[in-house]
file final19.txt (compact mmCIF, C-alpha atoms and all ligand atoms)
# COMPACT_ATOMS: atom_id res chain seq x y z
CA MET A 279 -31.62 137.79 147.14
CA ARG A 280 -28.10 136.34 147.25
CA PRO A 281 -25.53 138.30 145.22
CA THR A 282 -23.80 135.29 143.68
CA GLY A 283 -23.73 136.52 140.09
CA LYS A 284 -25.60 138.45 137.45
CA LEU A 285 -29.39 138.45 137.70
CA HIS A 286 -31.15 136.80 134.80
CA LEU A 287 -34.59 136.38 133.24
CA GLY A 288 -35.41 133.67 135.78
CA HIS A 289 -34.95 136.15 138.67
CA LEU A 290 -36.96 138.70 136.76
CA VAL A 291 -40.07 136.61 136.20
CA GLY A 292 -39.69 134.47 139.33
CA ALA A 293 -39.18 137.25 141.89
CA LEU A 294 -38.54 140.83 140.76
CA ASP A 295 -41.77 141.15 138.82
CA ASN A 296 -43.68 140.18 141.95
CA TRP A 297 -41.57 142.44 144.21
CA VAL A 298 -42.35 145.49 142.10
CA LYS A 299 -46.10 144.84 142.53
CA LEU A 300 -45.83 144.12 146.26
CA GLN A 301 -44.40 147.58 146.85
CA ASP A 302 -47.86 149.10 146.37
CA GLU A 303 -49.54 146.74 148.81
CA TYR A 304 -47.02 146.29 151.61
CA GLU A 305 -44.23 148.05 153.41
CA CYS A 306 -41.40 146.10 151.79
CA PHE A 307 -37.82 145.38 152.85
CA PHE A 308 -35.55 144.13 150.06
CA MET A 309 -32.24 142.78 151.29
CA VAL A 310 -29.05 141.86 149.49
CA ALA A 311 -28.24 138.66 151.36
CA ASP A 312 -24.47 138.88 151.24
CA TRP A 313 -23.92 136.77 154.37
CA HIS A 314 -25.96 134.05 152.73
CA ALA A 315 -23.89 134.35 149.57
CA PHE A 316 -20.72 134.15 151.63
CA MET A 317 -21.92 130.88 153.18
CA SER A 318 -21.62 129.15 149.83
CA GLU A 319 -18.95 131.35 148.18
CA TYR A 320 -16.53 131.60 151.12
CA GLU A 321 -13.70 130.05 149.13
CA ASN A 322 -14.10 132.53 146.25
CA PRO A 323 -15.59 135.76 147.61
CA GLN A 324 -13.70 138.07 145.20
CA ASN A 325 -16.80 139.02 143.15
CA LEU A 326 -19.19 139.63 146.04
CA LYS A 327 -18.92 143.43 146.14
CA GLU A 328 -19.21 143.73 142.38
CA ASN A 329 -22.26 141.45 142.37
CA ILE A 330 -23.95 143.44 145.13
CA LEU A 331 -23.75 146.66 143.13
CA ASP A 332 -24.75 144.95 139.90
CA ASN A 333 -27.80 143.27 141.48
CA VAL A 334 -28.98 146.47 143.17
CA VAL A 335 -28.69 148.34 139.86
CA ASP A 336 -30.89 145.65 138.27
CA TRP A 337 -33.47 146.01 141.05
CA LEU A 338 -33.60 149.78 140.69
CA ALA A 339 -33.66 149.66 136.90
CA PHE A 340 -36.55 147.21 136.96
CA GLY A 341 -38.67 149.29 139.31
CA ILE A 342 -37.79 148.57 142.93
CA SER A 343 -38.22 152.03 144.33
CA PRO A 344 -36.32 153.53 147.27
CA GLU A 345 -39.26 155.91 147.75
CA LYS A 346 -41.60 153.01 148.40
CA SER A 347 -39.34 150.33 149.91
CA THR A 348 -36.30 149.82 152.12
CA ILE A 349 -33.31 148.50 150.18
CA PHE A 350 -30.26 147.45 152.15
CA ILE A 351 -27.27 145.11 152.43
CA GLN A 352 -27.55 142.40 155.09
CA SER A 353 -23.97 142.62 156.40
CA HIS A 354 -24.33 146.38 156.96
CA VAL A 355 -26.94 145.79 159.65
CA LYS A 356 -24.98 143.96 162.32
CA GLU A 357 -28.07 142.93 164.29
CA HIS A 358 -28.75 140.15 161.76
CA LEU A 359 -25.84 138.22 163.20
CA GLU A 360 -26.83 138.95 166.80
CA LEU A 361 -30.31 137.53 166.33
CA TYR A 362 -28.85 134.64 164.29
CA MET A 363 -26.62 133.81 167.28
CA ILE A 364 -29.50 133.88 169.75
CA TYR A 365 -31.71 131.74 167.50
CA SER A 366 -28.80 129.32 166.89
CA ILE A 367 -28.70 128.60 170.58
CA ILE A 368 -32.36 127.63 170.82
CA THR A 369 -32.74 125.84 167.47
CA PRO A 370 -32.66 122.03 167.77
CA LEU A 371 -30.00 120.47 165.53
CA GLY A 372 -32.46 117.86 164.21
CA LEU A 373 -34.70 120.54 162.71
CA LEU A 374 -31.83 121.79 160.57
CA GLU A 375 -30.50 118.38 159.63
CA ARG A 376 -33.97 117.26 158.49
CA CYS A 377 -34.60 120.41 156.40
CA PRO A 378 -35.31 119.09 152.83
CA THR A 379 -33.53 121.94 151.04
CA TYR A 380 -30.41 121.36 153.14
CA LYS A 381 -30.40 117.66 152.27
CA GLU A 382 -30.99 118.44 148.59
CA GLN A 383 -28.20 121.00 148.41
CA MET A 384 -25.75 118.73 150.19
CA ARG A 385 -26.57 116.08 147.61
CA GLU A 386 -26.53 118.26 144.51
CA ILE A 387 -23.86 120.90 145.07
CA THR A 388 -20.65 119.01 144.56
CA ASN A 389 -18.31 121.74 143.33
CA ARG A 390 -17.78 123.32 146.76
CA ASP A 391 -17.54 122.18 150.33
CA LEU A 392 -20.79 123.07 152.10
CA ASN A 393 -20.32 120.58 154.87
CA THR A 394 -19.90 123.39 157.38
CA TYR A 395 -21.43 124.53 160.64
CA GLY A 396 -22.42 127.84 159.01
CA PHE A 397 -24.24 126.30 156.06
CA LEU A 398 -26.29 124.03 158.31
CA GLY A 399 -27.48 127.20 160.04
CA TYR A 400 -28.56 128.89 156.80
CA PRO A 401 -32.30 128.78 157.68
CA VAL A 402 -31.56 130.16 161.16
CA LEU A 403 -30.02 133.25 159.58
CA GLN A 404 -33.07 133.48 157.32
CA ALA A 405 -35.28 133.40 160.41
CA ALA A 406 -33.25 136.26 161.89
CA ASP A 407 -33.53 138.22 158.61
CA ILE A 408 -37.30 137.96 158.72
CA LEU A 409 -37.93 138.45 162.42
CA LEU A 410 -35.56 141.32 163.03
CA TYR A 411 -38.23 143.35 161.23
CA LYS A 412 -41.11 141.34 162.74
CA ALA A 413 -42.24 140.70 159.20
CA GLU A 414 -45.75 139.35 158.90
CA VAL A 415 -45.51 137.95 155.39
CA VAL A 416 -42.65 136.71 153.27
CA PRO A 417 -42.92 136.34 149.48
CA VAL A 418 -41.59 132.84 148.86
CA GLY A 419 -41.73 130.13 146.27
CA GLU A 420 -43.03 126.69 147.24
CA ASP A 421 -39.48 125.38 147.53
CA GLN A 422 -38.83 127.84 150.34
CA LEU A 423 -41.82 126.77 152.44
CA PRO A 424 -39.82 124.37 154.65
CA HIS A 425 -37.50 127.26 155.59
CA LEU A 426 -40.41 129.45 156.50
CA GLU A 427 -41.90 126.65 158.60
CA LEU A 428 -38.58 126.42 160.40
CA THR A 429 -38.76 130.15 161.09
CA ARG A 430 -42.24 129.68 162.54
CA GLN A 431 -40.97 126.87 164.77
CA ILE A 432 -38.15 129.08 166.03
CA VAL A 433 -40.66 131.84 166.80
CA ARG A 434 -42.88 129.45 168.75
CA LYS A 435 -39.95 128.12 170.73
CA PHE A 436 -38.58 131.59 171.51
CA ASN A 437 -41.96 132.99 172.54
CA HIS A 438 -42.62 129.88 174.66
CA ILE A 439 -39.28 129.88 176.52
CA TYR A 440 -39.39 133.59 177.32
CA LYS A 441 -43.16 133.67 177.87
CA ARG A 442 -43.82 136.60 175.61
CA GLU A 443 -45.25 136.92 172.11
CA LEU A 444 -42.32 139.05 171.01
CA PHE A 445 -42.20 137.75 167.45
CA PRO A 446 -45.09 137.17 165.05
CA GLU A 447 -45.29 133.88 163.16
CA PRO A 448 -44.65 135.04 159.58
CA LYS A 449 -46.90 133.70 156.85
CA ALA A 450 -45.92 132.74 153.33
CA LEU A 451 -47.08 135.02 150.58
CA LEU A 452 -47.29 132.49 147.79
CA THR A 453 -47.64 134.24 144.50
CA LYS A 454 -48.00 132.49 141.21
CA THR A 455 -44.91 133.39 139.25
CA HIS A 456 -43.61 132.08 135.96
CA ARG A 457 -40.95 129.42 136.06
CA LEU A 458 -38.52 129.81 133.22
CA LEU A 459 -36.16 127.01 132.28
CA GLY A 460 -32.62 127.72 131.13
CA LEU A 461 -31.74 128.01 127.45
CA ASP A 462 -30.77 124.32 127.40
CA GLY A 463 -33.96 123.14 129.12
CA ARG A 464 -32.31 122.56 132.50
CA LYS A 465 -32.89 124.76 135.55
CA MET A 466 -31.77 128.32 134.73
CA SER A 467 -28.53 128.79 136.61
CA LYS A 468 -25.29 130.69 136.60
CA SER A 469 -23.33 127.47 137.00
CA TYR A 470 -24.90 125.94 133.86
CA ASN A 471 -24.29 129.18 131.91
CA ASN A 472 -27.73 128.74 130.35
CA TYR A 473 -29.28 132.12 131.06
CA VAL A 474 -29.93 135.55 129.55
CA ALA A 475 -28.78 138.22 132.02
CA ILE A 476 -31.03 141.22 132.65
CA SER A 477 -28.14 143.45 131.57
CA GLU A 478 -27.26 141.43 128.46
CA GLU A 479 -26.38 143.33 125.26
CA PRO A 480 -28.69 142.81 122.21
CA GLU A 481 -26.13 140.89 120.12
CA VAL A 482 -25.48 138.49 123.00
CA ILE A 483 -29.22 137.94 123.49
CA LEU A 484 -29.60 137.13 119.79
CA LYS A 485 -26.69 134.69 119.88
CA LYS A 486 -27.93 132.94 123.01
CA ILE A 487 -31.52 132.60 121.78
CA MET A 488 -30.39 131.28 118.40
CA ASN A 489 -28.55 128.50 120.26
CA MET A 490 -31.63 127.41 122.22
CA PHE A 491 -32.82 123.81 122.01
CA THR A 492 -36.13 123.34 120.19
CA ASP A 493 -38.35 120.39 119.34
CA PRO A 494 -35.79 117.68 118.43
CA THR A 495 -38.27 115.84 116.17
CA ARG A 496 -38.34 118.69 113.66
CA ILE A 497 -35.78 118.13 110.94
CA ARG A 498 -37.27 120.17 108.07
CA VAL A 499 -39.13 123.47 108.27
CA THR A 500 -42.29 121.74 107.00
CA ASP A 501 -42.22 119.02 109.69
CA PRO A 502 -45.12 119.52 112.11
CA GLY A 503 -43.71 120.70 115.43
CA HIS A 504 -44.66 120.04 119.05
CA PRO A 505 -44.65 123.48 120.69
CA ASP A 506 -45.73 122.01 124.03
CA LYS A 507 -42.36 120.22 124.15
CA CYS A 508 -40.36 123.24 123.02
CA ASN A 509 -38.60 125.53 125.46
CA VAL A 510 -38.69 128.45 122.97
CA HIS A 511 -42.45 128.23 123.01
CA SER A 512 -42.53 128.48 126.81
CA TYR A 513 -40.58 131.77 126.52
CA TYR A 514 -43.28 133.09 124.19
CA ALA A 515 -45.85 132.22 126.84
CA VAL A 516 -44.05 134.46 129.34
CA PHE A 517 -42.76 137.35 127.22
CA ALA A 518 -45.23 137.50 124.31
CA PRO A 519 -48.45 135.71 125.30
CA GLU A 520 -50.25 137.57 122.49
CA ARG A 521 -48.02 135.76 119.94
CA LYS A 522 -48.21 132.34 121.59
CA LYS A 523 -51.39 131.12 119.86
CA GLU A 524 -50.24 131.98 116.35
CA ILE A 525 -46.77 130.48 116.90
CA ASP A 526 -48.38 127.39 118.34
CA GLU A 527 -50.63 126.87 115.31
CA ARG A 528 -48.00 127.68 112.68
CA CYS A 529 -45.48 125.41 114.39
CA LYS A 530 -47.94 122.50 114.46
CA ARG A 531 -48.73 123.04 110.78
CA GLY A 532 -45.05 123.26 109.84
CA GLU A 533 -45.44 126.81 108.57
CA ILE A 534 -42.69 128.44 110.60
CA GLY A 535 -39.09 127.35 110.95
CA CYS A 536 -37.30 127.28 114.30
CA THR A 537 -34.72 129.83 113.08
CA ASP A 538 -37.40 132.43 112.33
CA CYS A 539 -39.25 131.57 115.52
CA LYS A 540 -36.11 132.13 117.60
CA LYS A 541 -35.18 135.32 115.73
CA GLU A 542 -38.56 136.78 116.60
CA LEU A 543 -38.22 135.72 120.24
CA ALA A 544 -34.77 137.33 120.43
CA GLN A 545 -36.21 140.61 119.14
CA ILE A 546 -39.03 140.43 121.70
CA LEU A 547 -36.52 139.96 124.52
CA ILE A 548 -34.21 142.69 123.24
CA LYS A 549 -37.13 145.11 123.16
CA PHE A 550 -38.35 143.97 126.58
CA LEU A 551 -34.94 144.44 128.21
CA GLU A 552 -34.03 147.67 126.41
CA PRO A 553 -35.59 150.14 128.89
CA ILE A 554 -33.98 148.25 131.80
CA ARG A 555 -30.59 148.34 130.06
CA GLU A 556 -30.95 152.08 129.42
CA LYS A 557 -31.97 152.74 133.02
CA ARG A 558 -28.98 150.70 134.22
CA LYS A 559 -26.60 152.84 132.16
CA GLU A 560 -28.13 155.99 133.57
CA LEU A 561 -27.88 154.72 137.17
CA LEU A 562 -24.29 153.63 136.73
CA LYS A 563 -23.28 157.15 135.66
CA ASN A 564 -23.85 158.19 139.25
CA LYS A 565 -22.79 155.38 141.57
CA LYS A 566 -22.89 157.70 144.58
CA GLN A 567 -26.64 157.90 144.20
CA ILE A 568 -26.84 154.10 144.50
CA PHE A 569 -24.64 154.04 147.60
CA ASP A 570 -26.81 156.80 149.09
CA ILE A 571 -29.93 154.68 148.52
CA LEU A 572 -28.27 151.74 150.26
CA GLU A 573 -27.09 153.93 153.12
CA GLU A 574 -30.57 155.31 153.60
CA GLY A 575 -31.99 151.76 153.60
CA GLU A 576 -29.33 150.63 156.06
CA LYS A 577 -30.25 153.48 158.38
CA LYS A 578 -33.94 152.68 158.31
CA ALA A 579 -33.45 148.92 158.65
CA GLY A 580 -30.81 149.49 161.34
CA GLU A 581 -33.16 151.50 163.54
CA ILE A 582 -35.83 148.79 163.51
CA ALA A 583 -33.22 146.06 163.99
CA ALA A 584 -31.64 147.83 166.97
CA LYS A 585 -35.03 148.20 168.63
CA THR A 586 -35.80 144.48 168.19
CA ILE A 587 -32.41 143.42 169.52
CA SER A 588 -32.78 145.67 172.53
CA GLU A 589 -36.17 144.04 173.29
CA VAL A 590 -34.65 140.58 172.90
CA LYS A 591 -31.68 141.34 175.13
CA HIS A 592 -33.94 142.78 177.78
CA LEU A 593 -36.02 139.61 177.67
CA ILE A 594 -33.07 137.22 177.90
CA ASN A 595 -31.30 139.30 180.53
CA LEU A 596 -28.23 140.29 178.56
S1 LIG B 1 -41.17 126.66 115.50
FE1 LIG B 1 -40.83 127.68 117.44
S2 LIG B 1 -42.23 126.64 118.85
FE2 LIG B 1 -42.04 125.34 117.05
S3 LIG B 1 -40.43 123.88 117.58
FE3 LIG B 1 -39.48 125.58 116.45
S4 LIG B 1 -38.80 126.99 118.02
FE4 LIG B 1 -40.26 125.60 118.98
call {"tool": "encode", "arguments": {"input": "final19.txt", "output": "structure tokens"}}
result
Amino acid sequence: MRPTGKLHLGHLVGALDNWVKLQDEYECFFMVADWHAFMSEYENPQNLKENILDNVVDWLAFGISPEKSTIFIQSHVKEHLELYMIYSIITPLGLLERCPTYKEQMREITNRDLNTYGFLGYPVLQAADILLYKAEVVPVGEDQLPHLELTRQIVRKFNHIYKRELFPEPKALLTKTHRLLGLDGRKMSKSYNNYVAISEEPEVILKKIMNMFTDPTRIRVTDPGHPDKCNVHSYYAVFAPERKKEIDERCKRGEIGCTDCKKELAQILIKFLEPIREKRKELLKNKKQIFDILEEGEKKAGEIAAKTISEVKHLINL
């Protein structure tokens, strides 16, 4: 995960919730992708360190466990860049230029200059992140599938050139996760400021939820609503599925006003986030403990990474 800002509800339901479950099925490596963040934030990197700590605290508070998983910072394991360099040399330029997410980002991100050599190589660094640990599966969303396919192509090329099956072809672990739109109905994003952060205080949550867009055709409380077109309703589906049916029916019959509906949702979210907020406070009382967890993760990841790089160097005669 890239430490580009505070983590929000979208990260929670779209990734973290799944990560917590995966820990009991797989040997997991969770990486703070600070090099990846730097690729897009290189002009304004002043908040990177702060974001790294804040994100890791969210992970730990939500249930990512250092006893079960390896948690580390990408830039602290130098081998990521070594493997990135080696893969860069063998990766055809056309593969990167044709990558759909690259083309989309170049089109859509207009507030910073991403027309750089480094940003074009973003999926090559991702390939190195995965293969340094010879990972067999990667939990990805559908939008990330082209990147994973690129990783598989790099593996095939590497193994073919050096005539050894050194790297496995990682498979996608597609898990059905909830997709939560932002408070204004657009994609939930830091740049649109349309999110509820995991660490948000109760009064801020209430204020943000009360400002959410609802069904625009409802003028009076008694007007029949269209919950299927209402973003508030989709939040109920994720955070209070047991209330969804009743809200749905009362909204359609014009028996509940949007203000009351949003007030209830705000309370649900406040209650949902409360234990995470409390755990965060507790963790932040002892920052050394967090740095120790990261150091331990770095050590474990570093040992595996060093072994892989030594195998690669032996194979390519360096
Ligand atoms: S009552 Fe609730 S579900 Fe219905 S339109 Fe208003 S906010 Fe949306």
call {"tool": "residues_near_ligand", "arguments": {"input": "final19.txt", "ligand": "ligand LIG 1 (chain B)", "cutoff": "9 Å", "atoms": "only C-alpha atoms and all ligand atoms", "output": "ChimeraX atom specification"}}
result
/A:490-496,499,502-512,514,522,525-530,532-540,543
call {"tool": "closest_residue", "arguments": {"input": "final19.txt", "among": "A:Lys468, A:His286, A:His314, A:Lys412", "to": "Tyr400 (chain A)", "atoms": "only C-alpha atoms"}}
result
A:His314
call {"tool": "atom_distance", "arguments": {"input": "final19.txt", "atom1": "CA of Met317 (chain A)", "atom2": "CA of Leu392 (chain A)"}}
result
8.0 Å
call {"tool": "closest_residue", "arguments": {"input": "final19.txt", "among": "A:Ile487, A:Arg442, A:Glu427, A:Tyr395", "to": "Leu373 (chain A)", "atoms": "all atoms listed in the file"}}
result
A:Glu427
call {"tool": "residues_around", "arguments": {"input": "final19.txt", "residues": "Arg430 (chain A)", "least_positions_apart": "2", "cutoff": "12 Å", "atoms": "all atoms listed in the file", "output": "PDB file with C-alpha atoms, in the coordinates of the input"}}
result
ATOM      1  CA  TYR A 365     -31.710 131.740 167.500  1.00  0.00           C
ATOM      2  CA  THR A 369     -32.740 125.840 167.470  1.00  0.00           C
ATOM      3  CA  LEU A 373     -34.700 120.540 162.710  1.00  0.00           C
ATOM      4  CA  PRO A 401     -32.300 128.780 157.680  1.00  0.00           C
ATOM      5  CA  VAL A 402     -31.560 130.160 161.160  1.00  0.00           C
ATOM      6  CA  GLN A 404     -33.070 133.480 157.320  1.00  0.00           C
ATOM      7  CA  ALA A 405     -35.280 133.400 160.410  1.00  0.00           C
ATOM      8  CA  ALA A 406     -33.250 136.260 161.890  1.00  0.00           C
ATOM      9  CA  ILE A 408     -37.300 137.960 158.720  1.00  0.00           C
ATOM     10  CA  LEU A 409     -37.930 138.450 162.420  1.00  0.00           C
ATOM     11  CA  LYS A 412     -41.110 141.340 162.740  1.00  0.00           C
ATOM     12  CA  ALA A 413     -42.240 140.700 159.200  1.00  0.00           C
ATOM     13  CA  GLU A 414     -45.750 139.350 158.900  1.00  0.00           C
ATOM     14  CA  VAL A 415     -45.510 137.950 155.390  1.00  0.00           C
ATOM     15  CA  VAL A 416     -42.650 136.710 153.270  1.00  0.00           C
ATOM     16  CA  LEU A 423     -41.820 126.770 152.440  1.00  0.00           C
ATOM     17  CA  PRO A 424     -39.820 124.370 154.650  1.00  0.00           C
ATOM     18  CA  HIS A 425     -37.500 127.260 155.590  1.00  0.00           C
ATOM     19  CA  LEU A 426     -40.410 129.450 156.500  1.00  0.00           C
ATOM     20  CA  GLU A 427     -41.900 126.650 158.600  1.00  0.00           C
ATOM     21  CA  LEU A 428     -38.580 126.420 160.400  1.00  0.00           C
ATOM     22  CA  ILE A 432     -38.150 129.080 166.030  1.00  0.00           C
ATOM     23  CA  VAL A 433     -40.660 131.840 166.800  1.00  0.00           C
ATOM     24  CA  ARG A 434     -42.880 129.450 168.750  1.00  0.00           C
ATOM     25  CA  LYS A 435     -39.950 128.120 170.730  1.00  0.00           C
ATOM     26  CA  PHE A 436     -38.580 131.590 171.510  1.00  0.00           C
ATOM     27  CA  ASN A 437     -41.960 132.990 172.540  1.00  0.00           C
ATOM     28  CA  PHE A 445     -42.200 137.750 167.450  1.00  0.00           C
ATOM     29  CA  PRO A 446     -45.090 137.170 165.050  1.00  0.00           C
ATOM     30  CA  GLU A 447     -45.290 133.880 163.160  1.00  0.00           C
ATOM     31  CA  PRO A 448     -44.650 135.040 159.580  1.00  0.00           C
ATOM     32  CA  LYS A 449     -46.900 133.700 156.850  1.00  0.00           C
ATOM     33  CA  ALA A 450     -45.920 132.740 153.330  1.00  0.00           C
TER      34      ALA A 450
END
call {"tool": "atom_distance", "arguments": {"input": "final19.txt", "atom1": "CA of Val310 (chain A)", "atom2": "CA of Leu444 (chain A)"}}
result
25.4 Å
call {"tool": "closest_residue", "arguments": {"input": "final19.txt", "among": "A:Glu382, A:Pro480, A:Ser347, A:Arg390", "to": "Gln301 (chain A)", "atoms": "all atoms listed in the file"}}
result
A:Ser347
call {"tool": "closest_residue", "arguments": {"input": "final19.txt", "among": "A:Ile367, A:Glu589, A:Arg376, A:Ile548", "to": "Val482 (chain A)", "atoms": "all atoms listed in the file"}}
result
A:Ile548
call {"tool": "decode", "arguments": {"input": "final19.txt", "residues": "region 561-580 of chain A", "atoms": "N, CA and C atoms", "output": "PDB file, in the first residue's frame"}}
result
ATOM      1  N   LEU A 561      -1.495   2.384  20.633  1.00  0.00           N
ATOM      2  CA  LEU A 561      -0.254   2.103  19.894  1.00  0.00           C
ATOM      3  C   LEU A 561       0.651   3.333  19.838  1.00  0.00           C
ATOM      4  N   LEU A 562       0.020   4.489  19.646  1.00  0.00           N
ATOM      5  CA  LEU A 562       0.817   5.706  19.492  1.00  0.00           C
ATOM      6  C   LEU A 562       1.473   6.165  20.801  1.00  0.00           C
ATOM      7  N   LYS A 563       1.029   5.588  21.927  1.00  0.00           N
ATOM      8  CA  LYS A 563       1.671   5.927  23.206  1.00  0.00           C
ATOM      9  C   LYS A 563       3.075   5.347  23.244  1.00  0.00           C
ATOM     10  N   ASN A 564       3.304   4.303  22.440  1.00  0.00           N
ATOM     11  CA  ASN A 564       4.609   3.660  22.454  1.00  0.00           C
ATOM     12  C   ASN A 564       5.090   3.450  21.012  1.00  0.00           C
ATOM     13  N   LYS A 565       5.616   4.548  20.438  1.00  0.00           N
ATOM     14  CA  LYS A 565       6.017   4.479  19.034  1.00  0.00           C
ATOM     15  C   LYS A 565       7.178   3.508  18.818  1.00  0.00           C
ATOM     16  N   LYS A 566       7.994   3.353  19.869  1.00  0.00           N
ATOM     17  CA  LYS A 566       9.160   2.465  19.733  1.00  0.00           C
ATOM     18  C   LYS A 566       8.711   1.048  19.355  1.00  0.00           C
ATOM     19  N   GLN A 567       7.592   0.664  19.965  1.00  0.00           N
ATOM     20  CA  GLN A 567       7.052  -0.674  19.695  1.00  0.00           C
ATOM     21  C   GLN A 567       6.712  -0.827  18.188  1.00  0.00           C
ATOM     22  N   ILE A 568       6.229   0.250  17.593  1.00  0.00           N
ATOM     23  CA  ILE A 568       5.887   0.194  16.159  1.00  0.00           C
ATOM     24  C   ILE A 568       7.160   0.099  15.322  1.00  0.00           C
ATOM     25  N   PHE A 569       8.163   0.909  15.699  1.00  0.00           N
ATOM     26  CA  PHE A 569       9.425   0.848  14.947  1.00  0.00           C
ATOM     27  C   PHE A 569      10.076  -0.525  15.107  1.00  0.00           C
ATOM     28  N   ASP A 570       9.920  -1.129  16.291  1.00  0.00           N
ATOM     29  CA  ASP A 570      10.477  -2.474  16.511  1.00  0.00           C
ATOM     30  C   ASP A 570       9.805  -3.491  15.587  1.00  0.00           C
ATOM     31  N   ILE A 571       8.489  -3.358  15.435  1.00  0.00           N
ATOM     32  CA  ILE A 571       7.746  -4.278  14.552  1.00  0.00           C
ATOM     33  C   ILE A 571       8.270  -4.141  13.118  1.00  0.00           C
ATOM     34  N   LEU A 572       8.469  -2.883  12.706  1.00  0.00           N
ATOM     35  CA  LEU A 572       8.945  -2.657  11.335  1.00  0.00           C
ATOM     36  C   LEU A 572      10.378  -3.168  11.160  1.00  0.00           C
ATOM     37  N   GLU A 573      11.172  -3.018  12.199  1.00  0.00           N
ATOM     38  CA  GLU A 573      12.564  -3.478  12.124  1.00  0.00           C
ATOM     39  C   GLU A 573      12.615  -5.007  12.021  1.00  0.00           C
ATOM     40  N   GLU A 574      11.763  -5.620  12.809  1.00  0.00           N
ATOM     41  CA  GLU A 574      11.683  -7.086  12.778  1.00  0.00           C
ATOM     42  C   GLU A 574      11.251  -7.555  11.388  1.00  0.00           C
ATOM     43  N   GLY A 575      10.245  -6.883  10.813  1.00  0.00           N
ATOM     44  CA  GLY A 575       9.755  -7.222   9.473  1.00  0.00           C
ATOM     45  C   GLY A 575      10.841  -7.025   8.430  1.00  0.00           C
ATOM     46  N   GLU A 576      11.573  -5.928   8.586  1.00  0.00           N
ATOM     47  CA  GLU A 576      12.654  -5.591   7.647  1.00  0.00           C
ATOM     48  C   GLU A 576      13.730  -6.684   7.674  1.00  0.00           C
ATOM     49  N   LYS A 577      14.012  -7.158   8.887  1.00  0.00           N
ATOM     50  CA  LYS A 577      15.023  -8.200   9.039  1.00  0.00           C
ATOM     51  C   LYS A 577      14.581  -9.485   8.328  1.00  0.00           C
ATOM     52  N   LYS A 578      13.349  -9.861   8.568  1.00  0.00           N
ATOM     53  CA  LYS A 578      12.847 -11.102   7.978  1.00  0.00           C
ATOM     54  C   LYS A 578      12.756 -10.984   6.450  1.00  0.00           C
ATOM     55  N   ALA A 579      12.184  -9.872   5.988  1.00  0.00           N
ATOM     56  CA  ALA A 579      12.069  -9.669   4.539  1.00  0.00           C
ATOM     57  C   ALA A 579      13.461  -9.578   3.920  1.00  0.00           C
ATOM     58  N   GLY A 580      14.367  -8.870   4.619  1.00  0.00           N
ATOM     59  CA  GLY A 580      15.722  -8.662   4.107  1.00  0.00           C
ATOM     60  C   GLY A 580      16.477  -9.970   3.899  1.00  0.00           C
TER      61      GLY A 580
END
